[in-house]
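Peer 1: Contents of coords_3.pdb (PDB, C-alpha atoms and all ligand atoms) are below:
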```pdb
ATOM      1  CA  MET L 938      54.120 -50.323  44.224  1.00  0.00           C
ATOM      2  CA  TRP L 939      51.550 -53.005  44.989  1.00  0.00           C
ATOM      3  CA  VAL L 940      54.004 -55.738  44.237  1.00  0.00           C
ATOM      4  CA  THR L 941      56.456 -54.237  46.689  1.00  0.00           C
ATOM      5  CA  PHE L 942      53.760 -53.817  49.293  1.00  0.00           C
ATOM      6  CA  PHE L 943      52.607 -57.390  49.024  1.00  0.00           C
ATOM      7  CA  SER L 944      56.050 -58.854  48.980  1.00  0.00           C
ATOM      8  CA  GLN L 945      56.911 -56.944  52.147  1.00  0.00           C
ATOM      9  CA  LEU L 946      53.755 -58.166  53.816  1.00  0.00           C
ATOM     10  CA  PHE L 947      54.556 -61.686  52.763  1.00  0.00           C
ATOM     11  CA  TRP L 948      58.020 -61.657  54.204  1.00  0.00           C
ATOM     12  CA  ALA L 949      56.963 -59.863  57.327  1.00  0.00           C
ATOM     13  CA  PHE L 950      54.546 -62.708  57.937  1.00  0.00           C
ATOM     14  CA  LEU L 951      57.181 -65.343  57.325  1.00  0.00           C
ATOM     15  CA  LEU L 952      59.498 -63.627  59.731  1.00  0.00           C
ATOM     16  CA  ILE L 953      57.125 -63.663  62.664  1.00  0.00           C
ATOM     17  CA  SER L 954      55.803 -67.138  62.035  1.00  0.00           C
ATOM     18  CA  PRO L 955      58.076 -69.637  63.786  1.00  0.00           C
ATOM     19  CA  SER L 956      56.626 -72.576  61.881  1.00  0.00           C
ATOM     20  CA  ALA L 957      57.583 -70.965  58.585  1.00  0.00           C
ATOM     21  CA  CYS L 958      61.188 -70.451  59.547  1.00  0.00           C
ATOM     22  CA  SER L 959      62.022 -73.560  61.492  1.00  0.00           C
ATOM     23  CA  SER L 960      64.877 -75.821  60.579  1.00  0.00           C
ATOM     24  CA  ASN L 961      65.305 -77.347  57.168  1.00  0.00           C
ATOM     25  CA  ASN L 962      68.043 -79.443  55.677  1.00  0.00           C
ATOM     26  CA  ARG L 963      69.551 -76.680  53.575  1.00  0.00           C
ATOM     27  CA  THR L 964      73.293 -76.581  53.893  1.00  0.00           C
ATOM     28  CA  ARG L 965      74.974 -73.193  54.098  1.00  0.00           C
ATOM     29  CA  ARG L 966      78.169 -71.950  52.548  1.00  0.00           C
ATOM     30  CA  GLN L 967      80.963 -72.062  55.078  1.00  0.00           C
ATOM     31  CA  ALA L 968      82.446 -68.935  56.608  1.00  0.00           C
ATOM     32  CA  SER L 969      84.928 -67.241  54.293  1.00  0.00           C
ATOM     33  CA  GLY L 970      86.989 -64.102  53.998  1.00  0.00           C
ATOM     34  CA  GLY L 971      87.832 -63.988  57.705  1.00  0.00           C
ATOM     35  CA  CYS L 972      84.213 -63.590  58.725  1.00  0.00           C
ATOM     36  CA  ASN L 973      84.338 -66.141  61.522  1.00  0.00           C
ATOM     37  CA  TYR L 974      84.023 -64.890  65.077  1.00  0.00           C
ATOM     38  CA  SER L 975      83.675 -66.342  68.532  1.00  0.00           C
ATOM     39  CA  PHE L 976      82.757 -64.448  71.655  1.00  0.00           C
ATOM     40  CA  GLN L 977      82.613 -65.519  75.271  1.00  0.00           C
ATOM     41  CA  PHE L 978      80.492 -63.902  77.962  1.00  0.00           C
ATOM     42  CA  ASN L 979      81.502 -64.460  81.582  1.00  0.00           C
ATOM     43  CA  GLN L 980      78.509 -63.396  83.656  1.00  0.00           C
ATOM     44  CA  VAL L 981      74.739 -62.940  83.757  1.00  0.00           C
ATOM     45  CA  GLY L 982      73.556 -59.507  82.661  1.00  0.00           C
ATOM     46  CA  GLN L 983      76.274 -58.924  80.086  1.00  0.00           C
ATOM     47  CA  SER L 984      75.154 -58.030  76.620  1.00  0.00           C
ATOM     48  CA  ALA L 985      76.687 -57.372  73.240  1.00  0.00           C
ATOM     49  CA  MET L 986      75.422 -56.030  69.956  1.00  0.00           C
ATOM     50  CA  LEU L 987      75.726 -58.081  66.803  1.00  0.00           C
ATOM     51  CA  ARG L 988      75.594 -55.871  63.705  1.00  0.00           C
ATOM     52  CA  SER L 989      75.684 -56.797  60.047  1.00  0.00           C
ATOM     53  CA  PRO L 990      79.076 -56.358  58.353  1.00  0.00           C
ATOM     54  CA  GLY L 991      79.468 -52.743  57.196  1.00  0.00           C
ATOM     55  CA  TYR L 992      76.704 -51.455  59.496  1.00  0.00           C
ATOM     56  CA  PRO L 993      75.142 -48.862  59.205  1.00  0.00           C
ATOM     57  CA  GLN L 994      75.702 -49.214  55.455  1.00  0.00           C
ATOM     58  CA  ASN L 995      74.152 -52.063  53.487  1.00  0.00           C
ATOM     59  CA  TYR L 996      75.764 -55.379  54.311  1.00  0.00           C
ATOM     60  CA  SER L 997      78.386 -56.624  51.875  1.00  0.00           C
ATOM     61  CA  PRO L 998      77.659 -58.979  48.971  1.00  0.00           C
ATOM     62  CA  ASN L 999      78.970 -62.549  48.789  1.00  0.00           C
ATOM     63  CA  ILE L1000      79.781 -63.013  52.440  1.00  0.00           C
ATOM     64  CA  ALA L1001      79.473 -66.049  54.678  1.00  0.00           C
ATOM     65  CA  CYS L1002      79.889 -65.183  58.352  1.00  0.00           C
ATOM     66  CA  ARG L1003      79.765 -67.331  61.467  1.00  0.00           C
ATOM     67  CA  TYR L1004      79.401 -66.207  65.071  1.00  0.00           C
ATOM     68  CA  THR L1005      79.816 -68.619  67.948  1.00  0.00           C
ATOM     69  CA  VAL L1006      78.810 -67.213  71.319  1.00  0.00           C
ATOM     70  CA  THR L1007      79.129 -68.893  74.695  1.00  0.00           C
ATOM     71  CA  SER L1008      78.114 -67.945  78.228  1.00  0.00           C
ATOM     72  CA  PRO L1009      78.843 -69.531  81.630  1.00  0.00           C
ATOM     73  CA  PRO L1010      77.312 -72.911  82.588  1.00  0.00           C
ATOM     74  CA  GLY L1011      73.819 -72.462  84.018  1.00  0.00           C
ATOM     75  CA  THR L1012      73.038 -69.508  81.786  1.00  0.00           C
ATOM     76  CA  LYS L1013      71.525 -69.016  78.368  1.00  0.00           C
ATOM     77  CA  MET L1014      71.314 -66.127  75.909  1.00  0.00           C
ATOM     78  CA  ASN L1015      68.479 -64.059  74.545  1.00  0.00           C
ATOM     79  CA  LEU L1016      68.821 -62.714  71.020  1.00  0.00           C
ATOM     80  CA  GLN L1017      66.746 -59.633  70.209  1.00  0.00           C
ATOM     81  CA  CYS L1018      66.949 -58.478  66.620  1.00  0.00           C
ATOM     82  CA  THR L1019      65.388 -55.044  66.950  1.00  0.00           C
ATOM     83  CA  GLU L1020      66.428 -53.874  63.501  1.00  0.00           C
ATOM     84  CA  PHE L1021      66.341 -56.386  60.692  1.00  0.00           C
ATOM     85  CA  ASN L1022      66.119 -55.967  56.934  1.00  0.00           C
ATOM     86  CA  VAL L1023      67.646 -58.837  54.971  1.00  0.00           C
ATOM     87  CA  GLU L1024      66.730 -59.367  51.313  1.00  0.00           C
ATOM     88  CA  GLY L1025      63.632 -61.545  51.267  1.00  0.00           C
ATOM     89  CA  SER L1026      63.374 -64.569  48.952  1.00  0.00           C
ATOM     90  CA  GLN L1027      61.701 -67.961  48.866  1.00  0.00           C
ATOM     91  CA  ASN L1028      63.300 -70.113  51.584  1.00  0.00           C
ATOM     92  CA  CYS L1029      65.703 -67.210  52.093  1.00  0.00           C
ATOM     93  CA  GLN L1030      67.774 -68.619  49.233  1.00  0.00           C
ATOM     94  CA  TYR L1031      69.574 -65.335  48.411  1.00  0.00           C
ATOM     95  CA  ASP L1032      70.466 -63.750  51.721  1.00  0.00           C
ATOM     96  CA  VAL L1033      69.895 -65.552  54.990  1.00  0.00           C
ATOM     97  CA  PHE L1034      70.403 -65.049  58.708  1.00  0.00           C
ATOM     98  CA  PHE L1035      70.337 -68.362  60.513  1.00  0.00           C
ATOM     99  CA  LEU L1036      70.931 -69.668  63.982  1.00  0.00           C
ATOM    100  CA  SER L1037      71.206 -72.846  65.986  1.00  0.00           C
ATOM    101  CA  PRO L1038      69.558 -72.434  69.403  1.00  0.00           C
ATOM    102  CA  THR L1039      71.628 -75.373  70.683  1.00  0.00           C
ATOM    103  CA  GLY L1040      74.876 -73.855  69.405  1.00  0.00           C
ATOM    104  CA  ASP L1041      75.396 -76.577  66.818  1.00  0.00           C
ATOM    105  CA  SER L1042      78.157 -75.369  64.501  1.00  0.00           C
ATOM    106  CA  THR L1043      76.783 -77.528  61.683  1.00  0.00           C
ATOM    107  CA  PHE L1044      73.387 -75.825  62.056  1.00  0.00           C
ATOM    108  CA  SER L1045      71.511 -79.130  61.864  1.00  0.00           C
ATOM    109  CA  ASP L1046      68.661 -77.523  63.846  1.00  0.00           C
ATOM    110  CA  GLN L1047      68.833 -74.138  62.189  1.00  0.00           C
ATOM    111  CA  GLN L1048      66.094 -71.530  62.153  1.00  0.00           C
ATOM    112  CA  TYR L1049      66.439 -69.049  59.319  1.00  0.00           C
ATOM    113  CA  PHE L1050      65.237 -65.532  58.687  1.00  0.00           C
ATOM    114  CA  CYS L1051      65.021 -62.993  55.872  1.00  0.00           C
ATOM    115  CA  GLY L1052      62.861 -60.035  54.916  1.00  0.00           C
ATOM    116  CA  PRO L1053      62.029 -57.014  57.054  1.00  0.00           C
ATOM    117  CA  GLY L1054      60.854 -57.344  60.643  1.00  0.00           C
ATOM    118  CA  THR L1055      62.029 -58.032  64.155  1.00  0.00           C
ATOM    119  CA  PHE L1056      62.272 -61.194  66.209  1.00  0.00           C
ATOM    120  CA  THR L1057      63.510 -62.648  69.472  1.00  0.00           C
ATOM    121  CA  ARG L1058      64.989 -66.056  70.125  1.00  0.00           C
ATOM    122  CA  SER L1059      66.748 -67.781  73.029  1.00  0.00           C
ATOM    123  CA  SER L1060      69.469 -70.374  73.151  1.00  0.00           C
ATOM    124  CA  THR L1061      68.575 -73.635  74.877  1.00  0.00           C
ATOM    125  CA  SER L1062      71.764 -73.574  76.940  1.00  0.00           C
ATOM    126  CA  ASN L1063      75.002 -71.609  77.118  1.00  0.00           C
ATOM    127  CA  ARG L1064      75.927 -71.847  73.474  1.00  0.00           C
ATOM    128  CA  LEU L1065      74.530 -70.059  70.432  1.00  0.00           C
ATOM    129  CA  ALA L1066      75.638 -70.311  66.812  1.00  0.00           C
ATOM    130  CA  ILE L1067      74.686 -67.705  64.212  1.00  0.00           C
ATOM    131  CA  GLY L1068      75.398 -67.463  60.496  1.00  0.00           C
ATOM    132  CA  PHE L1069      74.829 -64.863  57.817  1.00  0.00           C
ATOM    133  CA  ASN L1070      75.217 -65.496  54.080  1.00  0.00           C
ATOM    134  CA  THR L1071      74.567 -63.073  51.233  1.00  0.00           C
ATOM    135  CA  ASP L1072      74.510 -63.340  47.462  1.00  0.00           C
ATOM    136  CA  ALA L1073      75.923 -60.969  44.823  1.00  0.00           C
ATOM    137  CA  GLY L1074      73.479 -58.077  45.131  1.00  0.00           C
ATOM    138  CA  ASN L1075      70.230 -56.635  46.447  1.00  0.00           C
ATOM    139  CA  PRO L1076      67.126 -55.116  44.864  1.00  0.00           C
ATOM    140  CA  GLN L1077      66.644 -51.406  45.473  1.00  0.00           C
ATOM    141  CA  SER L1078      65.242 -50.567  48.870  1.00  0.00           C
ATOM    142  CA  SER L1079      64.303 -47.363  50.670  1.00  0.00           C
ATOM    143  CA  THR L1080      65.601 -48.832  53.921  1.00  0.00           C
ATOM    144  CA  PRO L1081      69.155 -50.106  54.306  1.00  0.00           C
ATOM    145  CA  TYR L1082      69.875 -53.794  54.175  1.00  0.00           C
ATOM    146  CA  ARG L1083      71.305 -54.385  57.622  1.00  0.00           C
ATOM    147  CA  PHE L1084      70.560 -55.872  61.026  1.00  0.00           C
ATOM    148  CA  GLN L1085      71.256 -55.159  64.639  1.00  0.00           C
ATOM    149  CA  CYS L1086      70.698 -57.783  67.330  1.00  0.00           C
ATOM    150  CA  GLN L1087      71.385 -57.608  71.048  1.00  0.00           C
ATOM    151  CA  ILE L1088      72.583 -60.754  72.800  1.00  0.00           C
ATOM    152  CA  THR L1089      72.014 -60.800  76.568  1.00  0.00           C
ATOM    153  CA  VAL L1090      73.092 -63.395  79.123  1.00  0.00           C
ATOM    154  CA  VAL L1091      70.346 -64.534  81.494  1.00  0.00           C
ATOM    155  CA  SER L1092      70.182 -67.276  84.091  1.00  0.00           C
ATOM    156  CA  ASN L1093      68.759 -70.547  82.850  1.00  0.00           C
ATOM    157  CA  PRO L1094      66.097 -71.867  85.245  1.00  0.00           C
ATOM    158  CA  ASN L1095      65.819 -75.163  83.385  1.00  0.00           C
ATOM    159  CA  PRO L1096      69.300 -76.130  82.277  1.00  0.00           C
ATOM    160  CA  GLN L1097      69.586 -79.229  80.172  1.00  0.00           C
ATOM    161  CA  PRO L1098      71.358 -81.991  82.096  1.00  0.00           C
ATOM    162  CA  ASP L1099      74.864 -82.722  80.977  1.00  0.00           C
ATOM    163  CA  CYS L1100      74.697 -85.823  78.876  1.00  0.00           C
ATOM    164  CA  SER L1101      76.991 -88.165  77.051  1.00  0.00           C
ATOM    165  CA  CYS L1102      76.097 -89.889  73.854  1.00  0.00           C
ATOM    166  CA  GLY L1103      74.659 -93.344  74.510  1.00  0.00           C
ATOM    167  CA  VAL L1104      74.523 -92.935  78.282  1.00  0.00           C
ATOM    168  CA  ARG L1105      71.189 -92.608  80.044  1.00  0.00           C
ATOM    169  CA  ASN L1106      70.811 -89.506  82.186  1.00  0.00           C
ATOM    170  CA  LEU L1107      68.321 -91.147  84.533  1.00  0.00           C
ATOM    171  CA  VAL L1108      68.313 -94.694  85.811  1.00  0.00           C
TER     172      VAL L1108
HETATM  173 CA    CA N1201      71.320 -60.092  48.372  1.00  0.00          CA
END
```
Show the structure stored in the file as structure tokens.
Peer 2:
Amino acid sequence: MWVTFFSQLFWAFLLISPSACSSNNRTRRQASGGCNYSFQFNQVGQSAMLRSPGYPQNYSPNIACRYTVTSPPGTKMNLQCTEFNVEGSQNCQYDVFFLSPTGDSTFSDQQYFCGPGTFTRSSTSNRLAIGFNTDAGNPQSSTPYRFQCQITVVSNPNPQPDCSCGVRNLV
């Protein structure tokens, strides 16, 4: 009982501490089994719900999913994960929800999350990349292993200037 309590506290802390879940160099298994989606919004104010595979049941074992979401130029997206319970482990090595706020499909700037809790993130521009990998099983839990996140398109008051590699944006 105490072990469970402390481990939940531990992971809840990790989840809400941005410094503890910022990018690392861990590579992720690539999307497999047809779990590779892209979605395009076309105006400010639109929203969509991203739910774990099999929701409201426990998510499936051994999956590697990718979600690429885009919105119109001059907008960005807010991600609100209002229900989130992903098996917690050190460095989220077993099950992991990860995202690139710049929409990088290689997740070089990934932030990753596991454990119980809620969180909110925003894309830096009009592209957001999300991944979800799971291992072979889960420990017993009184709450289902699943997540539900709302993605909403908002205007971007500080859009990043368009840039080309090797070309200065300002003279
Ligand atoms: Ca698991």
Peer 1: Which of these residues is nearest to ligand CA 1201 (chain N), using all atoms listed in the file: L:Gln1077, L:Asn973, L:Gln1085, L:Asn1015?
Peer 2: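 Counting all atoms listed in the file, the residue closest to ligand CA 1201 (chain N) is L:Gln1077.
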Peer 1: Rank nothing, just name the residue among L:Leu987, L:Cys1018, L:Val1023, L:Val1006 nearest to ligand CA 1201 (chain N), using all atoms listed in the file.
Peer 2: L:Val1023
Peer 1: Please compute the atom CA of L:Tyr1049-atom CA of L:Gly1074 distance, one decimal, in Å.
Peer 2: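 Value for the atom CA of L:Tyr1049-atom CA of L:Gly1074 distance: 19.3 Å.
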Peer 1: Between atom CA of L:Phe1050 and atom CA of L:Asp1072, what is the distance, to one decimal in Å?
Peer 2: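 Interatomic distance here is 14.7 Å.
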Peer 1: Counting only C-alpha atoms, which residue out of L:Thr964, L:Thr1080, L:Ser975, L:Asn995 sits closest to L:Gly1040?
Peer 2: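 Smallest separation from L:Gly1040 among the options: L:Ser975.
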Peer 1: Specify as a PDB file with C-alpha atoms, in the frame of the given file each residue included when the PyMOL selection byres (((chain L and resi 1058) around 9) and not hetatm) is applied to this file.
Peer 2:
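Written file, part.pdb:
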```
ATOM      1  CA  MET L1014      71.314 -66.127  75.909  1.00  0.00           C
ATOM      2  CA  ASN L1015      68.479 -64.059  74.545  1.00  0.00           C
ATOM      3  CA  LEU L1016      68.821 -62.714  71.020  1.00  0.00           C
ATOM      4  CA  GLN L1017      66.746 -59.633  70.209  1.00  0.00           C
ATOM      5  CA  CYS L1018      66.949 -58.478  66.620  1.00  0.00           C
ATOM      6  CA  PRO L1038      69.558 -72.434  69.403  1.00  0.00           C
ATOM      7  CA  PHE L1056      62.272 -61.194  66.209  1.00  0.00           C
ATOM      8  CA  THR L1057      63.510 -62.648  69.472  1.00  0.00           C
ATOM      9  CA  SER L1059      66.748 -67.781  73.029  1.00  0.00           C
ATOM     10  CA  SER L1060      69.469 -70.374  73.151  1.00  0.00           C
TER      11      SER L1060
END
```
